[in-house]
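J.: Please read through the structure below; I'll follow up with questions.
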Number of protein chains: 2
Amino acid sequence: MNKTITAQEISNMDRRYRSRLFNCISGYKTAILIGTKSAGGQTNLALFASLTHIGANPPLLGFVLRPESVERHTMENIRQTGSYTINYVSADLIEKAHRTSAKFPHDVSEFDACGFTEEYIDGVPAPFVSEASIKMAMQLKEEIPIKLNDTLLVIGVVEHLIVPEDILHQDGFADLSKQSAVVVSGLEAYYNCTPVTRLAYVRPDEEQKTLPI
Amino acid sequence: MNKTITAQEISNMDRRYRSRLFNCISGYKTAILIGTKSAGGQTNLALFASLTHIGANPPLLGFVLRPESVERHTMENIRQTGSYTINYVSADLIEKAHRTSAKFPHDVSEFDACGFTEEYIDGVPAPFVSEASIKMAMQLKEEIPIKLNDTLLVIGVVEHLIVPEDILHQDGFADLSKQSAVVVSGLEAYYNCTPVTRLAYVRPDEEQKTLPI
């Protein structure tokens with residue numbers, strides 16, 4: 001049975017119910033940890049699920065920030081240093097990654113509190129998550145205010161990409177599932193992804209061809 | 001073995017390789033079909049993989065549009081009517097949904113060419129995909145130009161939500177995997193999602209609790 005929910009019913013929903021529902025209905029999102037360090041040297045690690053592909057040339061990625069939320073330490077640090085890291089959450093890291101959302105005191109690093117190890121490379125002030133297998137160093141490029149609901153689209157360019165060689169195909173395709181990268185639905189449900197098919201670009205009069213995953 | 005790719009190496013990459021790589025590395029994305037109708041009555045259906053949660057109150061969803069792409073018919077129609085539908089791609093619809101990306105002539109509707117059925121409800125000019133089980137009617141709210149690479153963040157508000165009752169929990173959680181909603185990685189690889197765990201909000205000194213999926 002289908003349920004049709006109208007704009008009026010959406011508007012009348014209990015606030016928490018609506019938040020859970022539309023965080024799910026907005027689709028699966030890749031679970032990532034964003035690592036930052038303040039100018040004073042305090043590290044921070046926060047779970048995000050709004051990674052957005054903005055473009056490949058240059059490689060630009062966005063994420064959406066709620067300014068009033070606990071995630072604000074992340075943004076303060078990014079503004080101070082221009083640097084952040086994006087670290088994929090694999091299935092074995094879910095519980096530790098989820099714990100970074102707890103409200104730790106300002107002077108506690110989620111790296112320590114949640115059992116992650118800081119890792120650094122030359123030229124990148126922000127800490128990577130040593131336990132993550134797919135990770136990127138990002139340079140802040142632009143903050144775009146979304147006035148409709150006072151959120152912020154934060155866009156950065158990929159400066160370094162660290163990735164296990166076994167997920168890379170010769171044509172540039174990368175199979176994230178080989179490293180058990182997980183997606184989030186809603187605020188807290190984690191899912192594994194398994195390949196179904198990879199389909200070639202198709203012309204209107206052609207039969208569909210598949211590509212290797 | 002890990003591979004570290006620097007900004008310089010990224011910049012020197014073959015254009016197609018870079019495009020494939022960073023479309024993958026930007027993470028899994030929920031596969032959706034956007035249905036529109038021009039003021040003159042011509043319908044259009046296009047596959048997108050950039051659905052972004054902007055907020056739950058009001059329920060705002062965004063997608064990223066490359067202005068120069070085949071997707072531009074979608075945006076022309078949205079501007080003419082203010083209306084569009086978002087229809088989830090389930091595993092059984094992958095091949096037909098992928099085919100909407102072929103370059104059909106302007107006067108051909110992807111509904112007909114790819115074997116989808118138009119469905120309408122009162123007050124919504126844009127066509128739904130009858131074969132999809134999770135679908136939304138959207139009203140255009142704002143177009144935000146991303147000047148870094150001439151893309152556009154298109155934001156709409158959910159006006160109607162049509163969803164099978166069996167995926168809805170009492171607290172608002174919706175299990176998309178019960179309807180086999182799929183994600184895309186890169187331009188063309190489709191993945192099924194299976195639940196791993198659902199974790200309650202946790203306080204710093206608490207044990208982690210799970211929630212039912």
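Residue numbering restarts at 1 in every chain; chains get A, B, ... in the order shown in the structure tokens, and ligands count up from 1 in that same order.
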List every residue of region 2-120 of chain A that has an atom at most 9 Å from any atom of region 13-27 of chain B, and for each one report the closest atom pair and its distance in Å to one decimal, counting only C-alpha atoms, with rows sorted by chain and then by increasing residue number, as CSV.
T.:
```
residue,atom,partner,partner_atom,distance
A:Lys29,CA,B:Gly27,CA,7.8
A:Thr30,CA,B:Gly27,CA,5.5
A:Ala31,CA,B:Gly27,CA,8.5
A:Leu51,CA,B:Ser26,CA,6.8
A:Thr52,CA,B:Ser26,CA,6.6
A:His53,CA,B:Ser26,CA,5.4
A:Ile54,CA,B:Ser26,CA,8.7
A:Gly55,CA,B:Asn23,CA,7.9
A:Ala56,CA,B:Ser19,CA,5.1
A:Asn57,CA,B:Ser19,CA,7.1
A:Pro58,CA,B:Arg18,CA,9.0
A:Pro59,CA,B:Phe22,CA,6.4
A:Leu60,CA,B:Phe22,CA,8.5
A:Leu61,CA,B:Ser26,CA,6.7
A:Tyr88,CA,B:Gly27,CA,8.7
```
J.: Write out, as a PDB file, in the first residue's frame, the residues just selected, with C-alpha atoms.
T.:
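Written out: result-v2.pdb:
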```pdb
ATOM      1  CA  LYS A  29      24.757   9.306   1.457  1.00  0.00           C
ATOM      2  CA  THR A  30      28.371   8.229   1.718  1.00  0.00           C
ATOM      3  CA  ALA A  31      29.569   8.284   5.328  1.00  0.00           C
ATOM      4  CA  LEU A  51      29.350  14.701   0.363  1.00  0.00           C
ATOM      5  CA  THR A  52      28.414  16.168  -3.024  1.00  0.00           C
ATOM      6  CA  HIS A  53      30.194  15.876  -6.358  1.00  0.00           C
ATOM      7  CA  ILE A  54      30.573  19.417  -7.734  1.00  0.00           C
ATOM      8  CA  GLY A  55      32.980  18.682 -10.569  1.00  0.00           C
ATOM      9  CA  ALA A  56      35.914  16.567 -11.727  1.00  0.00           C
ATOM     10  CA  ASN A  57      38.088  19.181 -13.446  1.00  0.00           C
ATOM     11  CA  PRO A  58      39.241  20.555 -11.074  1.00  0.00           C
ATOM     12  CA  PRO A  59      38.069  17.874  -8.599  1.00  0.00           C
ATOM     13  CA  LEU A  60      35.617  19.775  -6.392  1.00  0.00           C
ATOM     14  CA  LEU A  61      33.613  18.255  -3.546  1.00  0.00           C
ATOM     15  CA  TYR A  88      35.760   7.219   4.108  1.00  0.00           C
TER      16      TYR A  88
END
```
J.: Counting only C-alpha atoms, which residues of chain B come no farther than 6 Å from chain A, as a ChimeraX atom specification?
T.: /B:1-7,17,19-22,24,26-28,30,53,56,102,159-165,171-174,188-199,202-204
J.: Which parts of region 22-59 of chain A does DSSP call strand (DSSP E or B) when run on the backbone here, written out as a list of chain:residue names?
T.: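 Those residues are A:Lys29, A:Thr30, A:Ile32, A:Leu33, A:Ile34, A:Gly35, A:Thr36, A:Lys37, A:Thr43, A:Asn44, A:Leu45, A:Ala46, A:Leu47, A:Phe48, A:Thr52, A:His53, A:Ile54, A:Gly55, A:Ala56, A:Pro59.
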J.: Suppose we keep N, CA and C atoms; can you now write the selection as a compact mmCIF listing (two decimals), in the first residue's frame?
T.:
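File produced: selection_1.txt:
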```txt
# COMPACT_ATOMS: atom_id res chain seq x y z
N LYS A 29 23.63 8.40 1.56
CA LYS A 29 24.76 9.31 1.46
C LYS A 29 26.02 8.59 1.93
N THR A 30 27.13 8.85 1.30
CA THR A 30 28.37 8.23 1.72
C THR A 30 28.79 8.78 3.09
N ILE A 32 31.34 9.89 5.73
CA ILE A 32 32.74 10.34 5.77
C ILE A 32 33.05 10.98 7.12
N LEU A 33 34.32 10.93 7.47
CA LEU A 33 34.82 11.65 8.64
C LEU A 33 35.65 12.82 8.13
N ILE A 34 35.35 14.03 8.63
CA ILE A 34 36.14 15.20 8.26
C ILE A 34 37.10 15.52 9.40
N GLY A 35 38.38 15.52 9.07
CA GLY A 35 39.42 15.80 10.06
C GLY A 35 39.94 17.22 9.90
N THR A 36 40.06 17.92 11.02
CA THR A 36 40.57 19.31 10.99
C THR A 36 41.47 19.55 12.20
N LYS A 37 42.19 20.67 12.13
CA LYS A 37 43.03 21.10 13.26
C LYS A 37 42.92 22.61 13.38
N THR A 43 42.89 19.11 17.45
CA THR A 43 42.29 18.37 16.33
C THR A 43 40.82 18.08 16.59
N ASN A 44 40.10 17.85 15.50
CA ASN A 44 38.66 17.60 15.56
C ASN A 44 38.32 16.58 14.47
N LEU A 45 37.36 15.72 14.78
CA LEU A 45 36.92 14.73 13.79
C LEU A 45 35.41 14.64 13.86
N ALA A 46 34.74 14.78 12.71
CA ALA A 46 33.28 14.81 12.72
C ALA A 46 32.72 14.01 11.56
N LEU A 47 31.61 13.31 11.85
CA LEU A 47 30.93 12.49 10.84
C LEU A 47 30.02 13.36 9.99
N PHE A 48 30.13 13.23 8.70
CA PHE A 48 29.26 13.96 7.77
C PHE A 48 28.64 12.96 6.78
N THR A 52 29.06 15.87 -1.74
CA THR A 52 28.41 16.17 -3.02
C THR A 52 29.48 16.35 -4.09
N HIS A 53 29.28 15.71 -5.22
CA HIS A 53 30.19 15.88 -6.36
C HIS A 53 29.86 17.19 -7.05
N ILE A 54 30.81 18.12 -7.06
CA ILE A 54 30.57 19.42 -7.73
C ILE A 54 31.21 19.41 -9.11
N GLY A 55 32.35 18.75 -9.25
CA GLY A 55 32.98 18.68 -10.57
C GLY A 55 34.25 17.86 -10.51
N ALA A 56 34.74 17.43 -11.68
CA ALA A 56 35.91 16.57 -11.73
C ALA A 56 37.15 17.33 -12.20
N PRO A 59 38.90 18.74 -9.44
CA PRO A 59 38.07 17.87 -8.60
C PRO A 59 37.53 18.61 -7.39
```
J.: I need the residues in region 56-207 of chain A that are alpha helix (DSSP H) according to DSSP; give them as a PyMOL selection string.
T.: chain A and resi 72-81+94-99+110-114
J.: Between CA of Val89 (chain B) and CA of Glu118 (chain B), what is the distance, to one decimal in Å?
T.: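 Separation between CA of Val89 (chain B) and CA of Glu118 (chain B): 14.9 Å.
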J.: Quick one: residues within 9 Å of Gln42 (chain A), only C-alpha atoms counted, chain neighbours fewer than 5 positions away excluded, as a list in words?
T.: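 Selected residues are Thr36, Lys37, Asn77, His106, Asp107, Val108 and Ser109 of chain A.
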J.: Could you write those residues out with all heavy atoms, as an mmCIF file, in the first residue's frame?
T.:
```
data_model
loop_
_atom_site.group_PDB
_atom_site.id
_atom_site.type_symbol
_atom_site.label_atom_id
_atom_site.label_comp_id
_atom_site.auth_asym_id
_atom_site.auth_seq_id
_atom_site.Cartn_x
_atom_site.Cartn_y
_atom_site.Cartn_z
ATOM 1 N N THR A 36 40.059 17.922 11.022
ATOM 2 C CA THR A 36 40.569 19.305 10.992
ATOM 3 C C THR A 36 41.468 19.554 12.196
ATOM 4 O O THR A 36 41.490 18.785 13.158
ATOM 5 C CB THR A 36 39.417 20.341 11.043
ATOM 6 O OG1 THR A 36 38.619 20.087 12.212
ATOM 7 C CG2 THR A 36 38.543 20.269 9.805
ATOM 8 N N LYS A 37 42.193 20.668 12.133
ATOM 9 C CA LYS A 37 43.033 21.101 13.260
ATOM 10 C C LYS A 37 42.922 22.615 13.376
ATOM 11 O O LYS A 37 43.005 23.326 12.366
ATOM 12 C CB LYS A 37 44.484 20.706 12.987
ATOM 13 C CG LYS A 37 45.396 20.843 14.193
ATOM 14 C CD LYS A 37 46.851 20.570 13.785
ATOM 15 C CE LYS A 37 47.428 19.448 14.589
ATOM 16 N NZ LYS A 37 48.834 19.164 14.286
ATOM 17 N N ASN A 77 37.735 25.425 12.290
ATOM 18 C CA ASN A 77 39.101 24.971 11.980
ATOM 19 C C ASN A 77 39.424 25.115 10.497
ATOM 20 O O ASN A 77 40.537 25.515 10.133
ATOM 21 C CB ASN A 77 39.277 23.504 12.398
ATOM 22 C CG ASN A 77 39.231 23.328 13.903
ATOM 23 O OD1 ASN A 77 39.267 24.307 14.651
ATOM 24 N ND2 ASN A 77 39.147 22.092 14.352
ATOM 25 N N HIS A 106 35.019 20.902 24.263
ATOM 26 C CA HIS A 106 35.775 21.566 23.204
ATOM 27 C C HIS A 106 37.252 21.141 23.198
ATOM 28 O O HIS A 106 37.871 21.057 22.139
ATOM 29 C CB HIS A 106 35.656 23.085 23.374
ATOM 30 C CG HIS A 106 36.059 23.854 22.167
ATOM 31 N ND1 HIS A 106 35.156 24.587 21.415
ATOM 32 C CD2 HIS A 106 37.247 23.981 21.541
ATOM 33 C CE1 HIS A 106 35.797 25.132 20.390
ATOM 34 N NE2 HIS A 106 37.057 24.792 20.447
ATOM 35 N N ASP A 107 37.810 20.864 24.376
ATOM 36 C CA ASP A 107 39.250 20.557 24.433
ATOM 37 C C ASP A 107 39.553 19.072 24.305
ATOM 38 O O ASP A 107 40.693 18.645 24.504
ATOM 39 C CB ASP A 107 39.850 21.122 25.735
ATOM 40 C CG ASP A 107 39.200 20.514 26.966
ATOM 41 O OD1 ASP A 107 38.132 19.863 26.827
ATOM 42 O OD2 ASP A 107 39.742 20.687 28.064
ATOM 43 N N VAL A 108 38.533 18.275 23.976
ATOM 44 C CA VAL A 108 38.750 16.840 23.745
ATOM 45 C C VAL A 108 38.733 16.586 22.238
ATOM 46 O O VAL A 108 37.834 17.026 21.536
ATOM 47 C CB VAL A 108 37.635 16.006 24.424
ATOM 48 C CG1 VAL A 108 37.726 14.543 23.995
ATOM 49 C CG2 VAL A 108 37.729 16.128 25.934
ATOM 50 N N SER A 109 39.736 15.894 21.739
ATOM 51 C CA SER A 109 39.749 15.538 20.323
ATOM 52 C C SER A 109 38.974 14.237 20.127
ATOM 53 O O SER A 109 39.175 13.269 20.862
ATOM 54 C CB SER A 109 41.175 15.347 19.818
ATOM 55 O OG SER A 109 41.148 14.769 18.524
#
```
J.: Give me, please, the distance in Å between CA of Glu76 (chain A) and CA of Ala126 (chain A), quoted to one decimal.
T.: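 CA of Ala126 (chain A) lies 12.7 Å from CA of Glu76 (chain A).
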